[in-house]
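Okay, work-v4.cif now, which holds mmCIF, C-alpha atoms and all ligand atoms:
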```cif
data_data
#
loop_
_atom_site.label_atom_id
_atom_site.label_comp_id
_atom_site.auth_asym_id
_atom_site.auth_seq_id
_atom_site.Cartn_x
_atom_site.Cartn_y
_atom_site.Cartn_z
CA MET A 6 37.51 -40.71 -25.59
CA LYS A 7 39.26 -39.43 -22.46
CA PRO A 8 37.65 -36.46 -20.71
CA SER A 9 39.43 -33.11 -20.99
CA ILE A 10 40.48 -31.35 -17.78
CA ALA A 11 41.79 -27.82 -17.31
CA ILE A 12 43.89 -27.34 -14.16
CA ILE A 13 44.42 -23.77 -12.98
CA GLY A 14 47.80 -23.34 -11.27
CA ALA A 15 50.95 -25.41 -11.59
CA GLY A 16 52.26 -25.49 -8.02
CA MET A 17 52.73 -28.65 -5.96
CA ALA A 18 48.97 -29.34 -5.95
CA GLY A 19 48.30 -28.72 -9.66
CA LEU A 20 51.29 -30.75 -10.79
CA THR A 21 50.54 -33.64 -8.42
CA LEU A 22 46.98 -33.78 -9.70
CA ALA A 23 48.10 -33.70 -13.34
CA ARG A 24 50.67 -36.47 -12.84
CA GLU A 25 48.16 -38.72 -11.13
CA LEU A 26 45.35 -38.11 -13.63
CA ALA A 27 47.53 -38.22 -16.75
CA PRO A 28 46.63 -41.83 -17.68
CA HIS A 29 42.90 -41.09 -17.35
CA ALA A 30 42.33 -37.67 -18.97
CA GLU A 31 43.55 -35.06 -21.47
CA LEU A 32 45.12 -32.47 -19.20
CA THR A 33 46.06 -28.84 -19.71
CA LEU A 34 47.64 -26.79 -16.93
CA PHE A 35 47.45 -22.99 -16.91
CA GLU A 36 50.02 -21.09 -14.86
CA LYS A 37 50.07 -17.31 -14.66
CA ALA A 38 53.74 -17.05 -13.68
CA ARG A 39 56.72 -17.00 -16.05
CA GLY A 40 58.26 -20.05 -14.40
CA LEU A 41 57.28 -22.97 -12.21
CA GLY A 42 57.37 -22.75 -8.44
CA GLY A 43 54.19 -21.24 -7.07
CA ARG A 44 54.85 -20.75 -3.38
CA MET A 45 57.93 -22.98 -3.75
CA SER A 46 59.55 -20.34 -5.97
CA THR A 47 63.14 -19.27 -6.29
CA ARG A 48 64.15 -15.74 -7.22
CA ARG A 49 67.45 -15.03 -8.96
CA ASN A 50 69.34 -11.76 -9.29
CA GLY A 51 72.71 -12.00 -10.97
CA THR A 52 74.82 -14.27 -8.80
CA HIS A 53 72.29 -14.51 -5.95
CA GLN A 54 69.30 -16.81 -5.51
CA TRP A 55 66.69 -16.90 -2.77
CA ASP A 56 63.95 -19.45 -2.05
CA HIS A 57 61.49 -16.80 -0.97
CA GLY A 58 58.43 -19.00 -0.29
CA ALA A 59 58.55 -22.45 1.31
CA GLN A 60 61.78 -22.95 3.22
CA PHE A 61 61.67 -26.72 3.65
CA PHE A 62 59.14 -29.51 3.76
CA THR A 63 58.50 -32.50 5.94
CA ALA A 64 57.08 -35.86 4.83
CA ARG A 65 54.69 -37.56 7.22
CA THR A 66 52.44 -39.65 4.97
CA ALA A 67 53.44 -42.80 3.11
CA ALA A 68 52.22 -41.31 -0.20
CA PHE A 69 54.40 -38.18 0.06
CA LYS A 70 57.40 -40.23 1.18
CA ALA A 71 56.87 -42.44 -1.89
CA LEU A 72 56.79 -39.38 -4.17
CA LEU A 73 60.01 -37.99 -2.67
CA SER A 74 62.00 -41.22 -2.52
CA PRO A 75 63.19 -41.33 -6.18
CA PHE A 76 63.94 -37.60 -6.09
CA ILE A 77 66.09 -38.12 -2.98
CA ASP A 78 67.92 -40.92 -4.82
CA ARG A 79 68.51 -38.59 -7.81
CA GLY A 80 69.76 -35.74 -5.58
CA ILE A 81 66.85 -33.42 -6.51
CA VAL A 82 65.64 -33.49 -2.89
CA ALA A 83 68.04 -33.47 0.07
CA GLU A 84 67.66 -33.52 3.82
CA TRP A 85 68.53 -30.19 5.41
CA GLN A 86 70.19 -30.39 8.82
CA PRO A 87 70.81 -26.77 9.76
CA ASN A 88 72.25 -25.39 12.94
CA ILE A 89 68.93 -23.81 13.95
CA THR A 90 68.36 -21.38 16.77
CA THR A 91 65.53 -19.54 18.51
CA LEU A 92 65.76 -15.75 18.72
CA SER A 93 63.81 -13.25 20.79
CA PRO A 94 64.54 -9.55 21.13
CA ALA A 95 66.79 -8.87 24.13
CA LYS A 96 67.18 -12.55 25.03
CA PRO A 97 70.13 -14.85 24.38
CA PRO A 98 69.56 -17.26 21.45
CA PHE A 99 69.14 -20.94 22.24
CA LYS A 100 69.72 -23.95 20.04
CA ARG A 101 66.64 -25.56 18.59
CA LEU A 102 66.21 -29.24 17.74
CA TRP A 103 64.21 -30.77 14.90
CA PHE A 104 62.77 -34.21 15.57
CA GLU A 105 61.92 -35.28 12.00
CA PRO A 106 63.70 -34.94 8.64
CA HIS A 107 63.31 -31.60 6.87
CA TYR A 108 63.86 -31.57 3.11
CA VAL A 109 64.72 -29.01 0.45
CA ALA A 110 64.93 -29.24 -3.32
CA VAL A 111 68.37 -28.93 -4.94
CA PRO A 112 69.86 -26.68 -6.31
CA ALA A 113 66.78 -24.47 -5.71
CA MET A 114 63.35 -25.01 -4.20
CA ASN A 115 61.55 -24.77 -7.55
CA GLN A 116 63.63 -27.65 -8.97
CA LEU A 117 61.21 -30.21 -7.53
CA LEU A 118 58.28 -28.67 -9.40
CA LYS A 119 60.30 -28.35 -12.61
CA THR A 120 60.98 -32.08 -12.39
CA LEU A 121 57.35 -32.93 -11.56
CA ALA A 122 56.25 -31.00 -14.66
CA ASP A 123 58.26 -33.22 -17.03
CA GLY A 124 56.01 -34.39 -19.89
CA LEU A 125 52.98 -32.34 -18.81
CA ASP A 126 51.24 -29.69 -20.94
CA VAL A 127 51.86 -26.57 -18.84
CA ARG A 128 50.96 -23.21 -20.40
CA LEU A 129 53.13 -20.68 -18.58
CA GLN A 130 52.36 -16.96 -18.46
CA THR A 131 48.69 -17.77 -18.94
CA ARG A 132 46.41 -16.32 -16.31
CA VAL A 133 42.90 -17.74 -16.32
CA GLY A 134 40.56 -14.78 -16.03
CA ARG A 135 37.14 -16.31 -16.51
CA VAL A 136 35.46 -19.72 -16.37
CA ALA A 137 32.05 -19.94 -18.04
CA GLN A 138 29.67 -22.77 -18.82
CA GLN A 139 28.62 -23.32 -22.43
CA GLN A 140 26.14 -26.18 -22.74
CA GLU A 141 27.97 -29.33 -21.56
CA LYS A 142 31.46 -27.79 -21.52
CA TRP A 143 33.48 -25.30 -19.48
CA GLN A 144 35.10 -22.49 -21.45
CA LEU A 145 38.19 -20.76 -20.12
CA HIS A 146 39.40 -17.27 -21.04
CA ASP A 147 42.56 -15.42 -20.08
CA GLU A 148 42.63 -11.99 -18.43
CA HIS A 149 42.24 -10.30 -21.85
CA ASP A 150 39.21 -12.51 -22.51
CA ARG A 151 41.02 -14.54 -25.14
CA PRO A 152 39.71 -18.12 -25.30
CA LEU A 153 41.81 -20.87 -23.72
CA GLY A 154 39.69 -23.80 -24.93
CA GLU A 155 36.79 -25.85 -23.63
CA TYR A 156 36.93 -28.69 -21.14
CA ASP A 157 34.77 -31.31 -19.46
CA TRP A 158 36.14 -30.49 -16.01
CA VAL A 159 37.83 -27.42 -14.48
CA ILE A 160 39.94 -27.82 -11.36
CA SER A 161 41.52 -24.89 -9.56
CA SER A 162 44.68 -25.33 -7.51
CA ALA A 163 45.12 -21.57 -7.16
CA PRO A 164 45.17 -20.05 -3.65
CA LEU A 165 41.75 -19.74 -2.02
CA PRO A 166 40.84 -16.12 -2.96
CA GLN A 167 41.77 -16.75 -6.60
CA THR A 168 39.84 -20.02 -6.66
CA ARG A 169 36.85 -18.24 -5.13
CA ALA A 170 36.99 -15.56 -7.84
CA LEU A 171 37.25 -18.08 -10.69
CA LEU A 172 34.99 -21.05 -10.00
CA PRO A 173 31.28 -20.21 -10.40
CA ALA A 174 29.60 -20.64 -7.02
CA PRO A 175 26.26 -21.97 -8.35
CA GLN A 176 27.94 -25.01 -9.91
CA LEU A 177 30.64 -25.50 -7.25
CA GLY A 178 28.23 -25.05 -4.35
CA HIS A 179 27.53 -21.76 -2.62
CA ASN A 180 29.13 -22.73 0.70
CA ALA A 181 31.77 -25.06 -0.73
CA LEU A 182 34.65 -22.71 0.07
CA ASP A 183 33.50 -21.68 3.53
CA GLY A 184 35.72 -22.56 6.46
CA PHE A 185 39.05 -21.97 4.68
CA ALA A 186 41.29 -18.91 5.05
CA MET A 187 44.72 -17.62 4.05
CA GLN A 188 47.05 -15.01 5.49
CA PRO A 189 49.78 -12.83 3.92
CA CYS A 190 53.53 -12.76 4.56
CA TYR A 191 56.41 -10.48 3.60
CA ALA A 192 59.68 -11.98 2.40
CA LEU A 193 62.77 -9.79 2.70
CA LEU A 194 65.62 -10.99 0.48
CA LEU A 195 69.10 -9.76 1.37
CA ALA A 196 72.56 -10.17 -0.09
CA VAL A 197 75.09 -10.23 2.75
CA ASP A 198 78.61 -11.62 2.64
CA ASP A 199 78.67 -14.95 4.50
CA ALA A 200 81.51 -13.77 6.74
CA ALA A 201 79.24 -11.03 8.16
CA LEU A 202 76.53 -13.51 9.28
CA PRO A 203 76.15 -15.40 12.57
CA VAL A 204 77.28 -19.03 12.82
CA TRP A 205 73.75 -20.48 12.98
CA ASP A 206 72.02 -21.30 9.66
CA ALA A 207 68.37 -20.50 10.42
CA ALA A 208 66.27 -19.06 13.24
CA ARG A 209 62.71 -19.18 14.47
CA VAL A 210 61.96 -15.76 15.94
CA ASN A 211 59.56 -14.96 18.78
CA ASN A 212 57.98 -11.64 19.83
CA SER A 213 58.99 -9.78 16.67
CA PRO A 214 57.49 -8.76 13.30
CA ILE A 215 59.91 -11.38 11.94
CA ASN A 216 59.24 -15.06 12.51
CA TRP A 217 61.93 -16.78 10.38
CA ILE A 218 65.45 -16.09 9.13
CA ALA A 219 67.45 -18.45 6.90
CA PHE A 220 70.90 -18.19 5.41
CA ASN A 221 69.63 -19.63 2.16
CA HIS A 222 73.06 -20.06 0.57
CA ARG A 223 74.00 -22.63 3.25
CA LEU A 224 71.25 -25.03 2.16
CA PRO A 225 72.40 -28.25 0.46
CA GLY A 226 73.52 -27.76 -3.14
CA ARG A 227 73.70 -23.92 -3.03
CA GLN A 228 76.71 -21.70 -3.60
CA ARG A 229 77.88 -21.15 -0.05
CA GLN A 230 80.08 -18.16 -0.77
CA VAL A 231 77.20 -16.04 -2.18
CA GLY A 232 75.42 -14.89 0.98
CA ALA A 233 71.63 -14.89 0.41
CA VAL A 234 69.39 -14.28 3.40
CA VAL A 235 65.62 -14.89 3.52
CA VAL A 236 63.58 -13.16 6.24
CA HIS A 237 59.85 -13.82 6.70
CA SER A 238 57.47 -11.58 8.59
CA THR A 239 54.70 -12.93 10.76
CA PRO A 240 51.34 -13.16 8.95
CA GLU A 241 49.79 -10.84 11.53
CA TRP A 242 52.37 -8.09 10.92
CA ALA A 243 52.03 -8.54 7.15
CA ALA A 244 48.24 -8.21 7.35
CA ILE A 245 48.50 -4.92 9.28
CA HIS A 246 51.11 -3.47 6.90
CA LEU A 247 49.89 -5.05 3.65
CA GLU A 248 49.07 -1.79 1.84
CA ASN A 249 51.77 0.37 3.45
CA ASP A 250 54.55 1.99 1.46
CA GLN A 251 56.72 -0.96 0.39
CA GLU A 252 60.03 0.92 0.87
CA GLN A 253 59.08 1.65 4.47
CA VAL A 254 58.03 -1.94 5.07
CA LYS A 255 61.37 -3.12 3.67
CA GLN A 256 63.35 -0.70 5.86
CA ARG A 257 61.48 -1.70 9.01
CA LEU A 258 62.16 -5.37 8.38
CA ILE A 259 65.85 -4.63 7.69
CA ASP A 260 66.06 -2.73 11.00
CA HIS A 261 64.49 -5.63 12.91
CA PHE A 262 66.77 -8.11 11.14
CA CYS A 263 69.89 -6.14 12.08
CA THR A 264 68.79 -5.74 15.71
CA LEU A 265 67.96 -9.44 16.07
CA THR A 266 71.13 -10.78 14.43
CA GLY A 267 73.73 -8.11 15.17
CA VAL A 268 74.47 -7.85 11.43
CA ASP A 269 75.71 -4.38 10.46
CA ALA A 270 73.34 -2.70 7.98
CA GLY A 271 76.41 -1.67 5.97
CA ALA A 272 77.06 -5.36 5.18
CA ILE A 273 73.80 -5.59 3.20
CA THR A 274 74.60 -5.11 -0.48
CA GLN A 275 71.12 -5.88 -1.92
CA ALA A 276 67.62 -5.82 -0.42
CA GLN A 277 64.34 -6.80 -2.09
CA LEU A 278 60.87 -7.19 -0.67
CA HIS A 279 58.29 -9.70 -1.86
CA ARG A 280 54.68 -9.42 -0.72
CA TRP A 281 52.89 -12.76 -0.58
CA ARG A 282 49.25 -11.78 -0.44
CA TYR A 283 48.11 -15.38 -0.05
CA ALA A 284 50.92 -17.12 1.76
CA ILE A 285 49.90 -19.27 4.65
CA SER A 286 46.70 -21.26 5.10
CA THR A 287 45.10 -21.33 8.50
CA GLU A 288 44.29 -24.63 10.20
CA VAL A 289 41.17 -26.29 8.80
CA ALA A 290 38.57 -27.48 11.28
CA GLU A 291 37.40 -30.35 9.05
CA PRO A 292 40.32 -32.00 7.20
CA ASP A 293 38.04 -34.47 5.35
CA PRO A 294 37.95 -34.90 2.43
CA GLY A 295 40.81 -32.39 1.94
CA PHE A 296 39.54 -31.06 -1.40
CA VAL A 297 36.37 -29.52 -2.86
CA MET A 298 34.41 -31.22 -5.64
CA ASN A 299 31.04 -30.92 -7.27
CA GLU A 300 30.62 -33.96 -9.49
CA HIS A 301 27.41 -32.70 -11.08
CA GLY A 302 28.95 -29.29 -11.87
CA ARG A 303 32.27 -30.89 -12.96
CA LEU A 304 34.23 -28.38 -10.90
CA ALA A 305 36.79 -29.05 -8.19
CA ALA A 306 39.50 -27.35 -6.16
CA CYS A 307 42.53 -28.51 -4.24
CA GLY A 308 45.60 -26.96 -2.65
CA ASP A 309 47.32 -26.51 0.67
CA TRP A 310 44.49 -24.29 1.94
CA CYS A 311 42.15 -27.32 1.94
CA LEU A 312 44.32 -28.98 4.60
CA GLY A 313 45.85 -26.16 6.63
CA GLY A 314 48.96 -25.17 4.65
CA ARG A 315 52.41 -26.67 3.96
CA VAL A 316 53.89 -28.34 0.93
CA GLU A 317 52.80 -31.80 2.03
CA ALA A 318 49.23 -30.54 2.52
CA ALA A 319 49.20 -29.32 -1.11
CA PHE A 320 50.39 -32.75 -2.26
CA THR A 321 47.89 -34.61 -0.06
CA SER A 322 44.94 -32.49 -1.14
CA ALA A 323 45.71 -33.14 -4.83
CA HIS A 324 46.47 -36.82 -4.21
CA ARG A 325 43.11 -37.31 -2.49
CA LEU A 326 41.24 -35.41 -5.21
CA ALA A 327 42.93 -37.51 -7.92
CA GLY A 328 41.80 -40.66 -6.09
CA ALA A 329 38.21 -39.41 -5.95
CA LEU A 330 38.19 -38.30 -9.60
CA ARG A 331 39.68 -41.50 -11.03
CA THR A 332 36.52 -43.40 -10.16
CA ARG A 333 34.32 -40.75 -11.82
CA LEU A 334 36.10 -40.02 -15.12
C1 LIG B 401 56.48 -17.23 2.71
C2 LIG B 401 56.06 -18.67 2.72
C3 LIG B 401 56.73 -19.59 3.51
C4 LIG B 401 56.35 -20.93 3.51
N1 LIG B 401 57.09 -21.83 4.25
C5 LIG B 401 56.77 -23.14 4.17
C6 LIG B 401 57.61 -24.11 4.79
O1 LIG B 401 58.66 -23.78 5.34
N2 LIG B 401 57.22 -25.41 4.73
C7 LIG B 401 56.09 -25.81 4.05
O2 LIG B 401 55.81 -27.02 4.00
N3 LIG B 401 55.31 -24.91 3.43
C8 LIG B 401 55.63 -23.60 3.47
N4 LIG B 401 54.86 -22.68 2.82
C9 LIG B 401 53.63 -23.12 2.18
C10 LIG B 401 53.90 -23.83 0.85
O3 LIG B 401 54.69 -23.02 0.03
C11 LIG B 401 52.55 -24.12 0.20
O4 LIG B 401 51.79 -24.90 1.10
C12 LIG B 401 52.62 -24.88 -1.12
O5 LIG B 401 53.70 -24.46 -1.92
C13 LIG B 401 51.28 -24.66 -1.79
O6 LIG B 401 51.23 -25.33 -3.05
P1 LIG B 401 49.90 -25.17 -3.94
O7 LIG B 401 50.14 -25.92 -5.19
O8 LIG B 401 48.72 -25.53 -3.11
O9 LIG B 401 49.77 -23.61 -4.21
P2 LIG B 401 50.73 -22.61 -5.01
O10 LIG B 401 52.16 -22.99 -4.87
O11 LIG B 401 50.33 -21.24 -4.58
O12 LIG B 401 50.33 -22.85 -6.54
C14 LIG B 401 49.20 -22.24 -7.11
C15 LIG B 401 49.58 -21.71 -8.48
O13 LIG B 401 48.41 -21.14 -9.07
C16 LIG B 401 48.84 -20.08 -9.90
N5 LIG B 401 47.67 -19.24 -10.18
C17 LIG B 401 46.92 -18.50 -9.33
N6 LIG B 401 45.90 -17.89 -9.96
C18 LIG B 401 46.00 -18.26 -11.27
C19 LIG B 401 45.24 -17.96 -12.43
N7 LIG B 401 44.16 -17.14 -12.38
N8 LIG B 401 45.61 -18.50 -13.62
C20 LIG B 401 46.70 -19.33 -13.71
N9 LIG B 401 47.47 -19.63 -12.62
C21 LIG B 401 47.12 -19.12 -11.42
C22 LIG B 401 49.91 -19.39 -9.06
O14 LIG B 401 50.75 -18.61 -9.85
C23 LIG B 401 50.61 -20.60 -8.43
O15 LIG B 401 51.76 -20.99 -9.18
C24 LIG B 401 55.25 -21.34 2.74
C25 LIG B 401 54.59 -20.41 1.93
C26 LIG B 401 55.00 -19.10 1.89
C27 LIG B 401 54.33 -18.13 0.96
#
```
For this file, write the structure as structure tokens.
Amino acid sequence: MKPSIAIIGAGMAGLTLARELAPHAELTLFEKARGLGGRMSTRRNGTHQWDHGAQFFTARTAAFKALLSPFIDRGIVAEWQPNITTLSPAKPPFKRLWFEPHYVAVPAMNQLLKTLADGLDVRLQTRVGRVAQQQEKWQLHDEHDRPLGEYDWVISSAPLPQTRALLPAPQLGHNALDGFAMQPCYALLLAVDDAALPVWDAARVNNSPINWIAFNHRLPGRQRQVGAVVVHSTPEWAAIHLENDQEQVKQRLIDHFCTLTGVDAGAITQAQLHRWRYAISTEVAEPDPGFVMNEHGRLAACGDWCLGGRVEAAFTSAHRLAGALRTRL
């Protein structure tokens, strides 16, 4: 009989792991959100849509390139070649060059994860609240303490603080999650008519609470006429203002956006703020093995935070963990 595995989180890491282990185990994925995306999510509001987490991804390893290749052929992933600029307050913008391909999913960032989830048992809107050992098995419960079944292995692909809260330290290893860290980020989502926006498509920003601006509707496969702007704060600014009044945070970011871009505040017809508490992983001093596993305890964890952030890091962490687990199942 195949071993049963519960995977917490259905982002890039959780789905990669499930796809690679599917021939070897009975897999169940638990995802607290209503839809798939994780930090590659897309938010919709009437006619507008914003990719409010990951903005693009690069592919540096052969394994990630191999994953993407059929999706590029099918038009689910496309190269993004924006007119990208660098902005600093009170300095003229200058054109920025990218020296490797940057990809996005089409027609929205979460489309790649929706496609990866094909054929997998993903339980949406199911937040794992507790993981407890019962003799030889792991029992999972949701946040209302309702049982979610029992499993031979439990693997968390949730962001670091959530993984830390869920996986029992005695069985995972008391210091197993030391050395990793994550930082927050604010995403400001604006509706602005395309005609009111500058000619460039995206900007890296220096010396400002904002570090990134993208005219999301100009990405491949989007509706160009429906102006949807994504603005990201720096993690440092987000950390300082994390618990501040959210209306004030939104207004301050709008003010900085208008000053940086010259866009008239009157041209903004919608504004939403999203607080990513666990957004960006800091660089990891020791990138080997790129996942956390306790074979004896039958617990493991993977995700971008194991390898310093980015979509490809989430894939690589899960891919490496799947390789290590295949020999042990
Ligand atoms: C604002 C922002 C900008 C970014 N920009 C880029 C970029 O331009 N390029 C790039 O490569 N990367 C970028 N990233 C990082 C990239 O999004 C991540 O590296 C990647 O998506 C992480 O995938 P993951 O599967 O490890 O984690 P996640 O996508 O976070 O997936 C974990 C999943 O676990 C679920 N979960 C958590 N707790 C529970 C629970 N108790 N029960 C059930 N489910 C649970 C969550 O809902 C989530 O869906 C950005 C991230 C953010 C937030």
*Tell me, in Å to one decimal, how far atom C18 of ligand LIG 401 (chain B) is from atom CA of Trp281 of chain A.*
13.9 Å
_Within 7 Å of ligand LIG 401 (chain B), counting only C-alpha atoms and all ligand atoms, residues as JSON, numbers by chain_ = {"A": [13, 14, 15, 16, 17, 18, 19, 35, 36, 37, 38, 41, 42, 43, 44, 45, 57, 58, 59, 60, 61, 62, 63, 131, 132, 133, 134, 162, 163, 164, 167, 190, 191, 192, 237, 281, 283, 284, 285, 307, 308, 309, 310, 314, 315, 316, 317, 318, 319]}
*Could you give me, as a ChimeraX atom specification, the residues that sit within 12 Å of (45.8, -39.0, -16.8) in the file's coordinates, counting only C-alpha atoms?*
/A:7-11,20-33,124-126,327-328,330-331,334
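Restricting the calculation to all atoms listed in the file, the smallest distance between Val210 of chain A and any of A:Asn88, A:Thr239, A:Thr274, A:Ser161 is found for A:Thr239.
Checking A:Ser213, A:Gln230, A:Gln277, A:Gln138 one by one against Leu172 of chain A, counting all atoms listed in the file, you find the shortest gap at A:Gln138.
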*Go through A:Pro166, A:Pro75, A:Pro87, A:Pro175 and flag the residue nearest Asp206 of chain A, using all atoms listed in the file for the distances.*
A:Pro87
*So, counting all atoms listed in the file, which residue among A:Ile259, A:Phe220, A:Glu300, A:Met187 is closest to Arg282 of chain A?*
A:Met187
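For the pair atom CA of Val204 of chain A and atom CA of Ala83 of chain A, the separation is 21.4 Å.
Taking atom CA of Asp78 of chain A and atom CA of His324 of chain A as the two end points, the separation is 21.8 Å.
Minimum atom-to-atom distances from A:Leu202, A:Ala196, A:Leu177, A:Arg101 to Thr266 of chain A were compared using only C-alpha atoms, and the lowest value belongs to A:Leu202.
Distance annotation: of A:Leu247, A:Gln253, A:His301, A:Ala233, the residue with the minimal separation from Gly51 of chain A is A:Ala233; atom set is all atoms listed in the file.
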Find the spatial neighbours of Glu241 of chain A, counting only C-alpha atoms, within a cut-off of 9 Å - ignore same-chain residues fewer than 2 positions away - and output them as a PDB file with C-alpha atoms, keeping the file's coordinate frame.
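Below you can see selection.pdb, which holds the result:
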```pdb
ATOM      1  CA  GLN A 188      47.050 -15.010   5.490  1.00  0.00           C
ATOM      2  CA  PRO A 189      49.780 -12.830   3.920  1.00  0.00           C
ATOM      3  CA  CYS A 190      53.530 -12.760   4.560  1.00  0.00           C
ATOM      4  CA  PRO A 214      57.490  -8.760  13.300  1.00  0.00           C
ATOM      5  CA  SER A 238      57.470 -11.580   8.590  1.00  0.00           C
ATOM      6  CA  THR A 239      54.700 -12.930  10.760  1.00  0.00           C
ATOM      7  CA  ALA A 243      52.030  -8.540   7.150  1.00  0.00           C
ATOM      8  CA  ALA A 244      48.240  -8.210   7.350  1.00  0.00           C
ATOM      9  CA  ILE A 245      48.500  -4.920   9.280  1.00  0.00           C
ATOM     10  CA  HIS A 246      51.110  -3.470   6.900  1.00  0.00           C
TER      11      HIS A 246
END
```
*Find the spatial neighbours of Gln86 of chain A, counting all atoms listed in the file, within a cut-off of 10 Å - ignore same-chain residues fewer than 6 positions away - and output them as a ChimeraX atom specification.*
/A:102-103,106-108,206,224-225
Shell around Gly232 of chain A at 6 Å using only C-alpha atoms, local window under 3 positions removed, as a PDB file with C-alpha atoms, in the frame of the given file:
```
ATOM      1  CA  ALA A 196      72.560 -10.170  -0.090  1.00  0.00           C
ATOM      2  CA  VAL A 197      75.090 -10.230   2.750  1.00  0.00           C
ATOM      3  CA  ASP A 198      78.610 -11.620   2.640  1.00  0.00           C
ATOM      4  CA  ASP A 199      78.670 -14.950   4.500  1.00  0.00           C
ATOM      5  CA  HIS A 222      73.060 -20.060   0.570  1.00  0.00           C
TER       6      HIS A 222
END
```
*Using all atoms listed in the file, determine which residues lie at most 8 Å from Thr264 of chain A, disregarding the query and same-chain residues fewer than 4 positions distant; provide the list as a count of residues only.*
3
Generate all heavy atoms for segment 49-54 of chain A and emit them as a short mmCIF file (atom, residue, chain, number, x, y, z; two decimals), keeping the file's coordinate frame.
```cif
data_model
loop_
_atom_site.label_atom_id
_atom_site.label_comp_id
_atom_site.auth_asym_id
_atom_site.auth_seq_id
_atom_site.Cartn_x
_atom_site.Cartn_y
_atom_site.Cartn_z
N ARG A 49 66.03 -15.20 -8.64
CA ARG A 49 67.45 -15.03 -8.96
C ARG A 49 67.73 -13.59 -9.33
O ARG A 49 66.90 -12.94 -9.95
CB ARG A 49 67.85 -15.95 -10.12
CG ARG A 49 67.82 -17.40 -9.69
CD ARG A 49 68.15 -18.35 -10.82
NE ARG A 49 68.14 -19.73 -10.32
CZ ARG A 49 67.03 -20.45 -10.14
NH1 ARG A 49 65.86 -19.95 -10.42
NH2 ARG A 49 67.10 -21.66 -9.65
N ASN A 50 68.92 -13.12 -8.94
CA ASN A 50 69.34 -11.76 -9.29
C ASN A 50 70.84 -11.78 -9.48
O ASN A 50 71.59 -11.78 -8.52
CB ASN A 50 68.95 -10.81 -8.15
CG ASN A 50 69.29 -9.38 -8.49
OD1 ASN A 50 69.72 -9.09 -9.59
ND2 ASN A 50 69.11 -8.48 -7.53
N GLY A 51 71.29 -11.88 -10.71
CA GLY A 51 72.71 -12.00 -10.97
C GLY A 51 73.25 -13.27 -10.34
O GLY A 51 72.80 -14.36 -10.64
N THR A 52 74.19 -13.09 -9.41
CA THR A 52 74.82 -14.27 -8.80
C THR A 52 74.01 -14.84 -7.64
O THR A 52 74.30 -15.92 -7.15
CB THR A 52 76.21 -13.88 -8.25
OG1 THR A 52 76.02 -12.68 -7.49
CG2 THR A 52 77.20 -13.67 -9.36
N HIS A 53 73.00 -14.10 -7.17
CA HIS A 53 72.29 -14.51 -5.95
C HIS A 53 70.99 -15.25 -6.27
O HIS A 53 70.34 -14.98 -7.28
CB HIS A 53 71.96 -13.29 -5.09
CG HIS A 53 73.17 -12.70 -4.45
ND1 HIS A 53 74.07 -11.95 -5.15
CD2 HIS A 53 73.63 -12.78 -3.17
CE1 HIS A 53 75.05 -11.58 -4.32
NE2 HIS A 53 74.80 -12.07 -3.12
N GLN A 54 70.62 -16.18 -5.39
CA GLN A 54 69.30 -16.81 -5.51
C GLN A 54 68.70 -16.99 -4.11
O GLN A 54 69.41 -17.29 -3.14
CB GLN A 54 69.37 -18.13 -6.28
CG GLN A 54 69.81 -19.33 -5.47
CD GLN A 54 69.69 -20.63 -6.25
OE1 GLN A 54 69.88 -20.69 -7.46
NE2 GLN A 54 69.38 -21.71 -5.54
#
```
